[in-house]
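S.K.: Below you'll find input30.tsv; it's TSV, C-alpha atoms.
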chain	number	residue	atom	x	y	z
A	206	MET	CA	24.03	19.20	18.04
A	207	ARG	CA	21.17	17.31	19.69
A	208	ILE	CA	18.84	20.26	18.96
A	209	ILE	CA	19.73	20.17	15.25
A	210	ILE	CA	19.06	16.42	15.07
A	211	LEU	CA	15.72	16.91	16.84
A	212	LEU	CA	14.69	19.65	14.38
A	213	LEU	CA	15.63	17.46	11.41
A	214	ALA	CA	13.54	14.62	12.81
A	215	VAL	CA	10.52	16.90	13.20
A	216	PHE	CA	10.97	18.20	9.63
A	217	ILE	CA	11.13	14.66	8.22
A	218	LEU	CA	7.99	13.65	10.09
A	219	MET	CA	6.10	16.71	8.82
A	220	SER	CA	7.21	16.01	5.24
A	221	ALA	CA	6.10	12.40	5.48
A	222	ASN	CA	2.64	13.41	6.66
A	223	GLN	CA	2.15	16.10	3.99
A	224	PRO	CA	0.45	13.90	1.29
A	225	ALA	CA	-2.02	12.52	3.81
A	226	LEU	CA	-2.89	16.04	4.94
A	227	ALA	CA	-3.36	17.19	1.34
A	228	GLN	CA	-5.61	14.22	0.58
A	229	GLU	CA	-7.63	14.85	3.71
A	230	THR	CA	-8.02	18.53	2.74
A	231	GLU	CA	-9.45	17.54	-0.66
A	232	LYS	CA	-11.98	15.25	0.97
A	233	ASP	CA	-12.90	17.98	3.41
A	234	THR	CA	-13.41	20.45	0.56
A	235	VAL	CA	-15.67	18.07	-1.35
A	236	ARG	CA	-17.62	17.31	1.82
A	237	ARG	CA	-18.06	21.03	2.51
A	238	CYS	CA	-19.28	21.60	-1.04
A	239	LEU	CA	-21.79	18.79	-0.72
A	240	GLU	CA	-23.06	20.35	2.47
A	241	ASP	CA	-23.30	23.74	0.74
A	242	LEU	CA	-25.37	22.18	-2.04
A	243	GLN	CA	-27.93	21.06	0.55
A	244	SER	CA	-28.34	24.63	1.80
A	245	GLN	CA	-31.62	26.52	1.49
A	246	ASP	CA	-29.58	29.60	0.55
A	247	ALA	CA	-29.19	29.76	-3.23
A	248	ALA	CA	-26.00	31.82	-2.94
A	249	VAL	CA	-24.38	29.07	-0.86
A	250	ARG	CA	-25.45	26.43	-3.40
A	251	ARG	CA	-23.98	28.52	-6.23
A	252	ARG	CA	-20.64	28.66	-4.43
A	253	GLY	CA	-20.69	24.92	-3.86
A	254	ALA	CA	-21.52	24.20	-7.51
A	255	LEU	CA	-18.58	26.28	-8.75
A	256	VAL	CA	-16.06	24.66	-6.42
A	257	VAL	CA	-17.14	21.01	-6.46
A	258	GLY	CA	-16.64	20.71	-10.20
A	259	LYS	CA	-12.88	21.06	-9.73
A	260	TYR	CA	-12.74	17.60	-8.16
A	261	ASP	CA	-13.01	14.54	-10.38
A	262	VAL	CA	-14.56	12.17	-7.87
A	263	PRO	CA	-17.89	10.29	-8.10
A	264	GLU	CA	-19.49	12.33	-5.30
A	265	ALA	CA	-18.67	15.60	-7.08
A	266	ARG	CA	-19.98	14.38	-10.44
A	267	GLU	CA	-23.21	13.16	-8.89
A	268	ALA	CA	-23.65	16.48	-7.09
A	269	LEU	CA	-23.12	18.45	-10.30
A	270	SER	CA	-25.69	16.30	-12.07
A	271	ARG	CA	-28.23	17.22	-9.38
A	272	CYS	CA	-27.26	20.90	-9.64
A	273	LEU	CA	-28.33	20.90	-13.29
A	274	GLY	CA	-31.91	20.47	-12.11
A	275	ASP	CA	-31.71	23.09	-9.34
A	276	GLU	CA	-34.60	25.55	-9.20
A	277	ASP	CA	-32.16	28.46	-9.04
A	278	VAL	CA	-30.91	29.45	-12.48
A	279	GLN	CA	-27.59	30.70	-11.11
A	280	VAL	CA	-26.90	27.30	-9.59
A	281	ARG	CA	-27.59	25.64	-12.96
A	282	ARG	CA	-25.29	28.12	-14.68
A	283	SER	CA	-22.57	27.59	-12.07
A	284	ALA	CA	-22.75	23.83	-12.52
A	285	LEU	CA	-22.43	24.14	-16.30
A	286	VAL	CA	-19.50	26.55	-16.01
A	287	SER	CA	-17.82	24.14	-13.61
A	288	LEU	CA	-18.30	21.26	-16.04
A	289	ALA	CA	-17.14	23.29	-19.03
A	290	GLU	CA	-13.92	24.27	-17.25
A	291	GLY	CA	-13.05	20.67	-16.42
A	292	HIS	CA	-10.65	18.63	-18.55
A	293	ASN	CA	-13.29	16.16	-19.74
A	294	LEU	CA	-17.04	15.97	-19.47
A	295	PRO	CA	-17.97	12.98	-17.26
A	296	GLU	CA	-20.01	10.37	-19.09
A	297	GLU	CA	-22.73	10.24	-16.46
A	298	VAL	CA	-23.55	13.96	-16.78
A	299	LYS	CA	-23.77	14.14	-20.58
A	300	MET	CA	-27.47	13.30	-20.74
A	301	PRO	CA	-28.40	15.63	-17.83
A	302	VAL	CA	-26.44	18.41	-19.55
A	303	MET	CA	-28.23	17.91	-22.87
A	304	ARG	CA	-31.60	17.99	-21.16
A	305	ARG	CA	-30.89	21.60	-20.19
A	306	LEU	CA	-31.03	22.46	-23.90
A	307	ALA	CA	-34.73	22.93	-23.18
A	308	ASP	CA	-34.05	25.15	-20.15
A	309	ALA	CA	-36.17	28.29	-19.78
A	310	ASP	CA	-33.03	30.41	-19.29
A	311	VAL	CA	-31.30	31.45	-22.50
A	312	GLU	CA	-27.85	31.65	-20.88
A	313	VAL	CA	-28.19	28.06	-19.74
A	314	ARG	CA	-29.20	27.02	-23.26
A	315	ARG	CA	-26.22	28.85	-24.71
A	316	LEU	CA	-23.84	27.09	-22.33
A	317	VAL	CA	-25.38	23.70	-23.04
A	318	SER	CA	-25.39	24.19	-26.81
A	319	SER	CA	-21.68	25.07	-26.70
A	320	MET	CA	-21.03	21.79	-24.84
A	321	LEU	CA	-23.17	19.72	-27.20
A	322	PRO	CA	-20.28	18.42	-29.36
A	323	GLU	CA	-18.59	16.86	-26.35
A	324	CYS	CA	-21.88	15.47	-25.09
A	325	LEU	CA	-22.26	13.72	-28.45
A	326	GLY	CA	-18.78	12.24	-28.35
A	327	ALA	CA	-16.24	14.82	-29.54
A	328	MET	CA	-12.93	14.85	-27.70
A	329	ARG	CA	-12.05	18.07	-25.93
A	330	ARG	CA	-8.45	19.16	-26.42
A	331	ILE	CA	-6.21	21.23	-24.19
A	332	MET	CA	-5.08	23.34	-27.14
A	333	PRO	CA	-7.99	24.66	-29.23
A	334	VAL	CA	-8.41	23.26	-32.72
A	335	GLN	CA	-8.55	26.17	-35.13
A	336	ALA	CA	-11.51	26.04	-37.47
A	337	GLY	CA	-10.42	25.70	-41.07
A	338	GLY	CA	-12.65	28.47	-42.34
A	339	PRO	CA	-16.44	28.32	-42.52
A	340	GLY	CA	-17.64	24.83	-41.86
A	341	GLY	CA	-14.42	23.78	-40.09
A	342	LEU	CA	-14.23	22.00	-36.78
A	343	PRO	CA	-15.47	24.08	-33.85
A	344	SER	CA	-12.55	25.56	-31.93
A	345	GLY	CA	-11.64	23.48	-28.90
A	346	PHE	CA	-12.93	20.14	-30.15
A	347	GLY	CA	-11.33	17.33	-32.09
A	348	PRO	CA	-12.78	14.30	-33.89
A	349	VAL	CA	-15.25	11.93	-32.34
A	350	ASN	CA	-13.60	9.50	-29.95
A	351	ASN	CA	-15.17	6.24	-31.11
A	352	ASP	CA	-13.39	4.15	-28.47
A	353	LYS	CA	-14.92	5.97	-25.53
A	354	LYS	CA	-18.04	7.37	-27.12
A	355	ARG	CA	-21.08	7.48	-24.87
A	356	GLU	CA	-23.61	4.81	-25.78
A	357	PHE	CA	-27.15	6.13	-25.42
A	358	SER	CA	-30.22	3.94	-25.01
A	359	GLU	CA	-33.03	4.04	-27.59
A	360	ALA	CA	-35.12	6.19	-25.27
A	361	GLU	CA	-32.21	8.59	-24.78
A	362	GLN	CA	-31.58	8.73	-28.53
A	363	ALA	CA	-35.20	9.72	-29.12
A	364	GLU	CA	-34.88	12.36	-26.41
A	365	ILE	CA	-31.65	13.70	-27.91
A	366	LYS	CA	-33.28	13.99	-31.33
A	367	ALA	CA	-36.14	15.98	-29.84
A	368	LEU	CA	-33.71	18.23	-27.95
A	369	ILE	CA	-31.63	18.89	-31.06
A	370	SER	CA	-34.74	19.61	-33.09
A	371	GLY	CA	-35.84	22.08	-30.44
A	372	GLY	CA	-32.38	23.66	-30.41
A	373	LEU	CA	-32.49	24.25	-34.17
A	374	LYS	CA	-35.77	26.12	-33.66
A	375	ASP	CA	-34.52	28.11	-30.66
A	376	GLU	CA	-35.40	31.79	-30.70
A	377	ASP	CA	-31.82	32.63	-29.71
A	378	ALA	CA	-29.41	32.83	-32.66
A	379	SER	CA	-26.38	31.69	-30.64
A	380	VAL	CA	-28.15	28.53	-29.50
A	381	CYS	CA	-29.23	27.71	-33.06
A	382	GLN	CA	-25.72	28.25	-34.38
A	383	ASN	CA	-24.13	26.08	-31.70
A	384	VAL	CA	-26.60	23.25	-32.30
A	385	LEU	CA	-26.02	23.51	-36.04
A	386	ARG	CA	-22.27	23.23	-35.47
A	387	ALA	CA	-22.77	20.19	-33.26
A	388	LEU	CA	-24.67	18.27	-35.95
A	389	ARG	CA	-21.40	16.96	-37.40
A	390	TYR	CA	-21.14	14.83	-34.25
A	391	TYR	CA	-24.74	13.67	-34.50
A	392	PRO	CA	-24.90	10.75	-36.96
A	393	GLN	CA	-28.68	10.59	-37.29
A	394	PRO	CA	-30.61	12.62	-39.88
A	395	VAL	CA	-32.77	15.46	-38.63
A	396	ASP	CA	-35.99	16.82	-40.10
A	397	ARG	CA	-34.97	18.49	-43.35
A	398	LYS	CA	-37.44	21.32	-42.75
A	399	LEU	CA	-35.36	22.40	-39.75
A	400	LEU	CA	-32.29	22.82	-41.95
A	401	GLU	CA	-33.89	24.56	-44.90
A	402	ARG	CA	-34.19	27.94	-43.23
A	403	PHE	CA	-30.40	27.96	-42.83
A	404	LEU	CA	-29.97	27.09	-46.50
A	405	GLU	CA	-32.14	30.07	-47.40
A	406	GLY	CA	-30.16	32.44	-45.17
A	407	ASP	CA	-27.14	34.60	-45.95
A	408	ALA	CA	-24.62	33.28	-43.40
A	409	VAL	CA	-22.03	31.21	-45.28
A	410	GLU	CA	-21.09	29.12	-42.24
A	411	HIS	CA	-24.74	28.23	-41.63
A	412	ILE	CA	-25.19	27.20	-45.26
A	413	LEU	CA	-22.11	24.97	-45.19
A	414	LEU	CA	-23.09	23.30	-41.94
A	415	ALA	CA	-26.69	22.84	-43.04
A	416	LEU	CA	-25.59	21.32	-46.37
A	417	THR	CA	-23.53	18.70	-44.56
A	418	ALA	CA	-26.49	17.72	-42.38
A	419	TYR	CA	-28.90	17.98	-45.33
A	420	ALA	CA	-26.90	15.30	-47.15
A	421	ARG	CA	-27.78	12.85	-44.38
A	422	CYS	CA	-31.51	13.35	-44.85
A	423	GLN	CA	-33.25	10.48	-46.57
A	424	GLY	CA	-35.71	10.34	-49.44
A	425	GLU	CA	-37.46	13.26	-51.16
A	426	GLU	CA	-34.46	13.74	-53.43
A	427	ALA	CA	-36.28	15.90	-55.97
A	428	GLU	CA	-37.51	18.25	-53.26
A	429	ARG	CA	-34.08	18.51	-51.66
A	430	VAL	CA	-32.39	19.22	-54.99
A	431	ALA	CA	-34.94	21.94	-55.71
A	432	MET	CA	-34.26	23.49	-52.30
A	433	VAL	CA	-30.50	23.81	-52.87
A	434	ALA	CA	-30.78	24.91	-56.52
A	435	PRO	CA	-30.41	28.65	-55.70
A	436	LEU	CA	-27.00	27.95	-54.15
A	437	VAL	CA	-25.55	27.42	-57.64
A	438	SER	CA	-25.61	31.19	-58.02
A	439	ARG	CA	-23.93	31.96	-54.69
A	440	PRO	CA	-20.76	34.05	-55.16
A	441	GLU	CA	-18.75	32.00	-52.64
A	442	ALA	CA	-16.81	29.12	-54.21
A	443	THR	CA	-16.85	27.31	-50.85
A	444	VAL	CA	-20.65	27.18	-50.99
A	445	ARG	CA	-20.70	25.92	-54.58
A	446	GLY	CA	-18.01	23.36	-53.77
A	447	ASN	CA	-19.97	22.06	-50.80
A	448	LEU	CA	-23.04	21.97	-53.01
A	449	VAL	CA	-21.18	19.55	-55.30
A	450	ARG	CA	-20.43	17.34	-52.29
A	451	PHE	CA	-24.08	17.46	-51.27
A	452	LEU	CA	-25.16	16.34	-54.74
A	453	ASP	CA	-23.01	13.26	-54.32
A	454	SER	CA	-25.60	12.08	-51.77
A	455	ILE	CA	-28.34	12.26	-54.41
A	456	ARG	CA	-28.32	8.93	-56.19
A	457	GLY	CA	-31.01	9.66	-58.75
A	458	ASP	CA	-30.83	11.67	-61.97
A	459	GLU	CA	-32.24	14.73	-60.21
A	460	ALA	CA	-28.69	15.90	-59.52
A	461	LEU	CA	-27.50	15.78	-63.15
A	462	PRO	CA	-28.70	19.20	-64.39
A	463	MET	CA	-27.09	20.98	-61.47
A	464	LEU	CA	-23.87	18.96	-61.78
A	465	ARG	CA	-23.65	19.86	-65.46
A	466	GLN	CA	-24.01	23.53	-64.54
A	467	LEU	CA	-21.39	23.29	-61.79
A	468	ALA	CA	-19.02	21.50	-64.17
A	469	GLU	CA	-18.91	24.78	-66.13
A	470	ASP	CA	-17.97	26.77	-63.01
A	471	GLY	CA	-15.09	29.19	-63.37
A	472	ASP	CA	-13.41	27.85	-60.23
A	473	ASP	CA	-11.67	24.50	-60.71
A	474	LYS	CA	-12.30	23.61	-57.06
A	475	VAL	CA	-15.96	23.50	-58.03
A	476	ALA	CA	-15.81	22.35	-61.65
A	477	LEU	CA	-13.40	19.42	-61.24
A	478	PRO	CA	-15.31	17.65	-58.44
A	479	ALA	CA	-18.50	18.13	-60.47
A	480	LEU	CA	-16.85	16.56	-63.51
A	481	ARG	CA	-15.62	13.66	-61.40
A	482	GLN	CA	-19.16	13.03	-60.19
A	483	LEU	CA	-20.50	13.12	-63.72
A	484	ALA	CA	-17.78	10.67	-64.74
A	485	ARG	CA	-18.66	8.30	-61.88
A	486	ARG	CA	-22.25	8.46	-63.06
A	487	LYS	CA	-20.93	7.66	-66.56
A	488	VAL	CA	-22.72	10.54	-68.28
A	489	PRO	CA	-21.84	9.89	-71.97
A	490	GLU	CA	-21.50	13.42	-73.31
A	491	VAL	CA	-19.18	14.45	-70.49
A	492	PHE	CA	-16.54	11.90	-71.52
A	493	GLU	CA	-15.58	13.84	-74.65
A	494	LYS	CA	-15.64	17.13	-72.76
A	495	ILE	CA	-13.20	15.81	-70.16
A	496	LYS	CA	-11.02	14.24	-72.84
A	497	GLY	CA	-10.94	17.54	-74.72
A	498	ARG	CA	-9.64	19.37	-71.64
A	499	LEU	CA	-7.13	16.59	-71.05
A	500	PHE	CA	-5.51	17.11	-74.46
A	501	ASP	CA	-5.81	20.90	-74.39
A	502	GLY	CA	-2.21	22.08	-74.59
A	503	THR	CA	-3.14	25.50	-73.22
A	504	ALA	CA	-4.48	24.06	-69.95
A	505	SER	CA	-2.23	23.77	-66.92
A	506	LEU	CA	-0.49	20.49	-66.22
A	507	GLU	CA	-2.37	20.04	-62.95
A	508	GLU	CA	-5.72	20.60	-64.66
A	509	ARG	CA	-4.85	18.00	-67.29
A	510	ARG	CA	-3.85	15.51	-64.59
A	511	GLN	CA	-7.18	16.11	-62.87
A	512	MET	CA	-8.99	15.43	-66.14
A	513	LEU	CA	-7.19	12.10	-66.41
A	514	PHE	CA	-8.34	11.16	-62.92
A	515	CYS	CA	-11.89	12.17	-63.87
A	516	LEU	CA	-11.89	9.76	-66.80
A	517	ALA	CA	-11.15	6.89	-64.44
A	518	GLY	CA	-14.81	7.06	-63.44
A	519	TYR	CA	-15.80	5.63	-66.82
A	520	GLY	CA	-13.97	2.41	-66.13
A	521	ALA	CA	-10.84	0.68	-67.36
A	522	ASP	CA	-12.12	-0.11	-70.86
A	523	ALA	CA	-12.78	3.57	-71.59
A	524	LEU	CA	-9.63	4.85	-69.87
A	525	LEU	CA	-7.08	2.49	-71.44
A	526	PRO	CA	-7.18	3.98	-74.99
A	527	VAL	CA	-6.73	7.46	-73.52
A	528	CYS	CA	-3.71	6.36	-71.48
A	529	ARG	CA	-2.18	4.74	-74.56
A	530	GLN	CA	-2.70	7.94	-76.54
A	531	ILE	CA	-0.93	9.96	-73.84
A	532	LEU	CA	2.00	7.54	-73.66
A	533	GLU	CA	2.44	7.47	-77.45
A	534	SER	CA	2.29	11.26	-77.88
A	535	LYS	CA	5.66	13.00	-78.07
A	536	GLU	CA	4.07	16.36	-77.23
A	537	THR	CA	2.56	15.25	-73.92
A	538	PRO	CA	4.46	16.49	-70.82
A	539	VAL	CA	6.41	13.75	-69.05
A	540	ALA	CA	4.55	14.38	-65.78
A	541	LEU	CA	1.25	13.62	-67.54
A	542	GLN	CA	2.74	10.53	-69.16
A	543	ALA	CA	3.91	9.33	-65.75
A	544	ALA	CA	0.39	9.81	-64.41
A	545	ALA	CA	-1.05	7.81	-67.33
A	546	LEU	CA	1.52	5.06	-66.79
A	547	GLN	CA	0.61	4.95	-63.12
A	548	MET	CA	-3.04	4.50	-64.08
A	549	LEU	CA	-2.09	1.31	-65.92
A	550	GLY	CA	-1.12	-0.19	-62.59
A	551	THR	CA	-4.50	0.18	-60.93
A	552	ARG	CA	-6.35	-2.98	-59.94
A	553	GLU	CA	-9.02	-2.39	-62.59
A	554	MET	CA	-6.38	-2.00	-65.31
A	555	GLN	CA	-4.27	-5.04	-64.44
A	556	ASP	CA	-6.90	-7.38	-65.87
A	557	ILE	CA	-6.72	-5.82	-69.33
A	558	VAL	CA	-3.21	-4.30	-69.54
A	559	LYS	CA	-0.50	-6.68	-70.67
A	560	ILE	CA	2.83	-6.41	-68.93
A	561	THR	CA	4.50	-5.87	-72.31
A	562	GLU	CA	2.87	-2.42	-72.47
A	563	ILE	CA	4.87	-1.34	-69.43
A	564	LEU	CA	8.27	-2.65	-70.53
A	565	PRO	CA	9.06	0.12	-73.09
A	566	SER	CA	8.94	2.74	-70.33
A	567	LEU	CA	12.01	1.13	-68.73
A	568	ASN	CA	14.04	2.75	-71.51
A	569	HIS	CA	12.41	6.17	-71.24
A	570	PRO	CA	14.94	9.02	-70.95
A	571	ASP	CA	13.09	10.51	-67.95
A	572	THR	CA	13.77	9.10	-64.48
A	573	ARG	CA	10.14	9.47	-63.40
A	574	MET	CA	8.93	7.19	-66.16
A	575	ARG	CA	11.57	4.55	-65.47
A	576	ARG	CA	10.89	4.64	-61.73
A	577	THR	CA	7.12	4.33	-62.29
A	578	ALA	CA	7.61	1.41	-64.67
A	579	ILE	CA	9.85	-0.40	-62.18
A	580	GLY	CA	7.21	0.06	-59.48
A	581	LEU	CA	4.48	-1.37	-61.72
A	582	LEU	CA	6.60	-4.34	-62.71
A	583	HIS	CA	7.45	-5.01	-59.09
A	584	SER	CA	3.73	-5.17	-58.24
A	585	ARG	CA	3.27	-7.77	-61.00
A	586	GLN	CA	6.49	-9.71	-60.47
A	587	ARG	CA	4.66	-13.04	-60.38
A	588	GLU	CA	3.87	-12.57	-64.06
A	589	LEU	CA	7.58	-12.16	-64.84
A	590	SER	CA	8.56	-15.62	-63.60
I need this file expressed as C-alpha cells, please.
M.R.:
Amino acid sequence: MRIIILLLAVFILMSANQPALAQETEKDTVRRCLEDLQSQDAAVRRRGALVVGKYDVPEAREALSRCLGDEDVQVRRSALVSLAEGHNLPEEVKMPVMRRLADADVEVRRLVSSMLPECLGAMRRIMPVQAGGPGGLPSGFGPVNNDKKREFSEAEQAEIKALISGGLKDEDASVCQNVLRALRYYPQPVDRKLLERFLEGDAVEHILLALTAYARCQGEEAERVAMVAPLVSRPEATVRGNLVRFLDSIRGDEALPMLRQLAEDGDDKVALPALRQLARRKVPEVFEKIKGRLFDGTASLEERRQMLFCLAGYGADALLPVCRQILESKETPVALQAAALQMLGTREMQDIVKITEILPSLNHPDTRMRRTAIGLLHSRQRELS
C-alpha cells in the first residue's frame, strides 16, 4: 500500500511540473534557433529561419525580420515561408517584407507579392475566402481591418508606392498579377500608365482589377476615358459592367457618350446601371427613354421597377408625376404600384407629397399596398395629430 501511495505522489509531482518543462522547452527551442541564425553555415541558418517562425515571441519576430535581409536567398525564402504559414503577419515585419518586393530572386518576389494584401492591412482568415469570380477578393484574405491597420510613416508610404510601382512593372507575370490583386488594399492612386497595359490585355481578371485601380487615378479624364473606350466592345458583360462603374468616377461630360452606348447594352446588368448614371447626371433625353421602358407592358416587372428607381435620379419634382400615373393606372401591376407608393415616402418626396395622397391606399384590395401605406403614415405620424 505504501508503494502505491509513493507512486501516486511521484506521478502528481511530475504532472505539476509538466507546464514548466514545456515552457522551458519552447524557450530552449527559440534560443537554439537564434544561435543557428548566427551560424556561418547557410544551411543551419535556413533551418533556424523555418523553425523560429512557429513561435510568436518578440525575439523570433526580430530574428525573422533580420533573416529577410540575409545574403543567402534560401534563408530569405525560408523566412518568408515561415511568416506566410503563421496565423497573422506581425506588424513589425510588414515593412521589411514589402522591401523584398525588389529582391533579385524571383521566388522571393513571388512570395512577397502574395503576402502584399496582408502587409497593406487585409485580415488573413483561417478558412480561405473564395473569390467571387474575376475581380473578387483574393482567396485567403478578408476585408481591411481598419482597427488594427498598420500606420506607415510618410517616408514608408513613399517607399511602398515605389515598391508597388516596381511590382507592376516586374518581368515576372505572377508578381505583376499578385501586385495588381493587392491594389484593392492600397488606397492611394498609382501612375495610370502602369495600369494601362493591363487594360489593353486579354486577361479578364487583369482588366477588372486594373479598372478598379484606374478609377482612383486623378485628373486627365479625357485621356482615361479614351483609354477604356475599346472595352465597350468586350464580349464579357462583367467587363462592360465594371466599365460602367469606372465611368462613375469621371465627373465631366467625357463619360456621357460611352454611358449612352452602354445604356443600349443587351445585358440589363450593364444597361440599367448606365441608365442610373445618366439619370443622376440628369441627361434630359434619357428621362423619356427610361419612362418609356417603365410603362412598357411587355417588359418584365423587375425591369420596370429598375426603371422607376432610375427616374429617382432626376429628383422628386420629376418623379412625383410618374408615381402618380402609376398609382392611378388600373393596368399597372400591384408590385409596381407598391414600389411607386414606397417612393412617395422618401425624404426628398415628403416635402412635396401631401399625406392625403397616401390615405386612399389604405383601402386598396391588395395587402402589400395597405401595408406600405401604413408604414408611410407611421413615419409621418406627427402630421396626423
S.K.: For Arg251 (chain A), please output as an MDAnalysis selection string all residues within 10 Å (counting all atoms listed in the file; exclusion window: fewer than 5 positions along the same chain).
M.R.: chainID A and resid 238 241:242 244 246 256 272 275 277:284
S.K.: When you count only C-alpha atoms, which of these residues is closest to Glu425 (chain A): A:Lys474, A:Lys398, A:His411, A:Arg439?
M.R.: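 When distances to Glu425 (chain A) are compared using only C-alpha atoms, the smallest one comes from A:Lys398.
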S.K.: From the list A:Phe451, A:Ile531, A:Val539, A:Arg485, which residue is nearest Thr572 (chain A) when using only C-alpha atoms?
M.R.: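 Closest candidate: A:Val539.
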S.K.: What is the distance, in Å and to one decimal place, between CA of Val409 (chain A) and CA of Arg456 (chain A)?
M.R.: 25.6 Å
S.K.: Within 8 Å of Tyr391 (chain A), counting all atoms listed in the file, which residues show up once you throw out same-chain ones fewer than 3 positions away? Write them as number ranges by chain, please.
M.R.: A: 325, 387-388
S.K.: When distances are computed from all atoms listed in the file, which of A:Asp407, A:Glu428, A:Asp308, A:Asp473 shows the smallest separation from Ser505 (chain A)?
M.R.: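 With all atoms listed in the file as the atom set, the closest residue is A:Asp473.
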S.K.: Because the input lacks atoms here, generate N, CA and C atoms for region 279-298 of chain A and report them as an mmCIF file, in the coordinates of the input.
M.R.:
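The new file out-v8.cif reads:
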data_model
loop_
_atom_site.group_PDB
_atom_site.id
_atom_site.type_symbol
_atom_site.label_atom_id
_atom_site.label_comp_id
_atom_site.auth_asym_id
_atom_site.auth_seq_id
_atom_site.Cartn_x
_atom_site.Cartn_y
_atom_site.Cartn_z
ATOM 1 N N GLN A 279 -29.012 30.449 -11.309
ATOM 2 C CA GLN A 279 -27.590 30.700 -11.110
ATOM 3 C C GLN A 279 -26.850 29.431 -10.699
ATOM 4 N N VAL A 280 -27.513 28.578 -9.956
ATOM 5 C CA VAL A 280 -26.900 27.300 -9.590
ATOM 6 C C VAL A 280 -26.709 26.440 -10.834
ATOM 7 N N ARG A 281 -27.710 26.424 -11.712
ATOM 8 C CA ARG A 281 -27.590 25.640 -12.960
ATOM 9 C C ARG A 281 -26.456 26.186 -13.815
ATOM 10 N N ARG A 282 -26.375 27.514 -13.900
ATOM 11 C CA ARG A 282 -25.290 28.120 -14.680
ATOM 12 C C ARG A 282 -23.934 27.779 -14.067
ATOM 13 N N SER A 283 -23.838 27.872 -12.747
ATOM 14 C CA SER A 283 -22.570 27.590 -12.070
ATOM 15 C C SER A 283 -22.131 26.151 -12.315
ATOM 16 N N ALA A 284 -23.080 25.231 -12.280
ATOM 17 C CA ALA A 284 -22.750 23.830 -12.520
ATOM 18 C C ALA A 284 -22.239 23.620 -13.942
ATOM 19 N N LEU A 285 -22.861 24.277 -14.904
ATOM 20 C CA LEU A 285 -22.430 24.140 -16.300
ATOM 21 C C LEU A 285 -21.053 24.751 -16.509
ATOM 22 N N VAL A 286 -20.813 25.915 -15.906
ATOM 23 C CA VAL A 286 -19.500 26.550 -16.010
ATOM 24 C C VAL A 286 -18.436 25.634 -15.411
ATOM 25 N N SER A 287 -18.754 25.051 -14.271
ATOM 26 C CA SER A 287 -17.820 24.140 -13.610
ATOM 27 C C SER A 287 -17.505 22.941 -14.492
ATOM 28 N N LEU A 288 -18.512 22.398 -15.147
ATOM 29 C CA LEU A 288 -18.300 21.260 -16.040
ATOM 30 C C LEU A 288 -17.511 21.655 -17.288
ATOM 31 N N ALA A 289 -17.815 22.828 -17.816
ATOM 32 C CA ALA A 289 -17.140 23.290 -19.030
ATOM 33 C C ALA A 289 -15.663 23.556 -18.781
ATOM 34 N N GLU A 290 -15.315 23.954 -17.568
ATOM 35 C CA GLU A 290 -13.920 24.270 -17.250
ATOM 36 C C GLU A 290 -13.115 23.037 -16.895
ATOM 37 N N GLY A 291 -13.767 21.902 -16.727
ATOM 38 C CA GLY A 291 -13.050 20.670 -16.420
ATOM 39 C C GLY A 291 -12.320 20.148 -17.643
ATOM 40 N N HIS A 292 -11.438 19.176 -17.440
ATOM 41 C CA HIS A 292 -10.650 18.630 -18.550
ATOM 42 C C HIS A 292 -11.519 17.789 -19.485
ATOM 43 N N ASN A 293 -12.403 17.012 -18.935
ATOM 44 C CA ASN A 293 -13.290 16.160 -19.740
ATOM 45 C C ASN A 293 -14.669 16.135 -19.109
ATOM 46 N N LEU A 294 -15.665 16.021 -19.956
ATOM 47 C CA LEU A 294 -17.040 15.970 -19.470
ATOM 48 C C LEU A 294 -17.344 14.542 -19.018
ATOM 49 N N PRO A 295 -17.682 14.336 -17.746
ATOM 50 C CA PRO A 295 -17.970 12.980 -17.260
ATOM 51 C C PRO A 295 -19.121 12.347 -18.035
ATOM 52 N N GLU A 296 -18.999 11.073 -18.306
ATOM 53 C CA GLU A 296 -20.010 10.370 -19.090
ATOM 54 C C GLU A 296 -21.392 10.442 -18.455
ATOM 55 N N GLU A 297 -21.437 10.330 -17.126
ATOM 56 C CA GLU A 297 -22.730 10.240 -16.460
ATOM 57 C C GLU A 297 -23.504 11.559 -16.434
ATOM 58 N N VAL A 298 -22.839 12.672 -16.794
ATOM 59 C CA VAL A 298 -23.550 13.960 -16.780
ATOM 60 C C VAL A 298 -23.927 14.419 -18.183
#
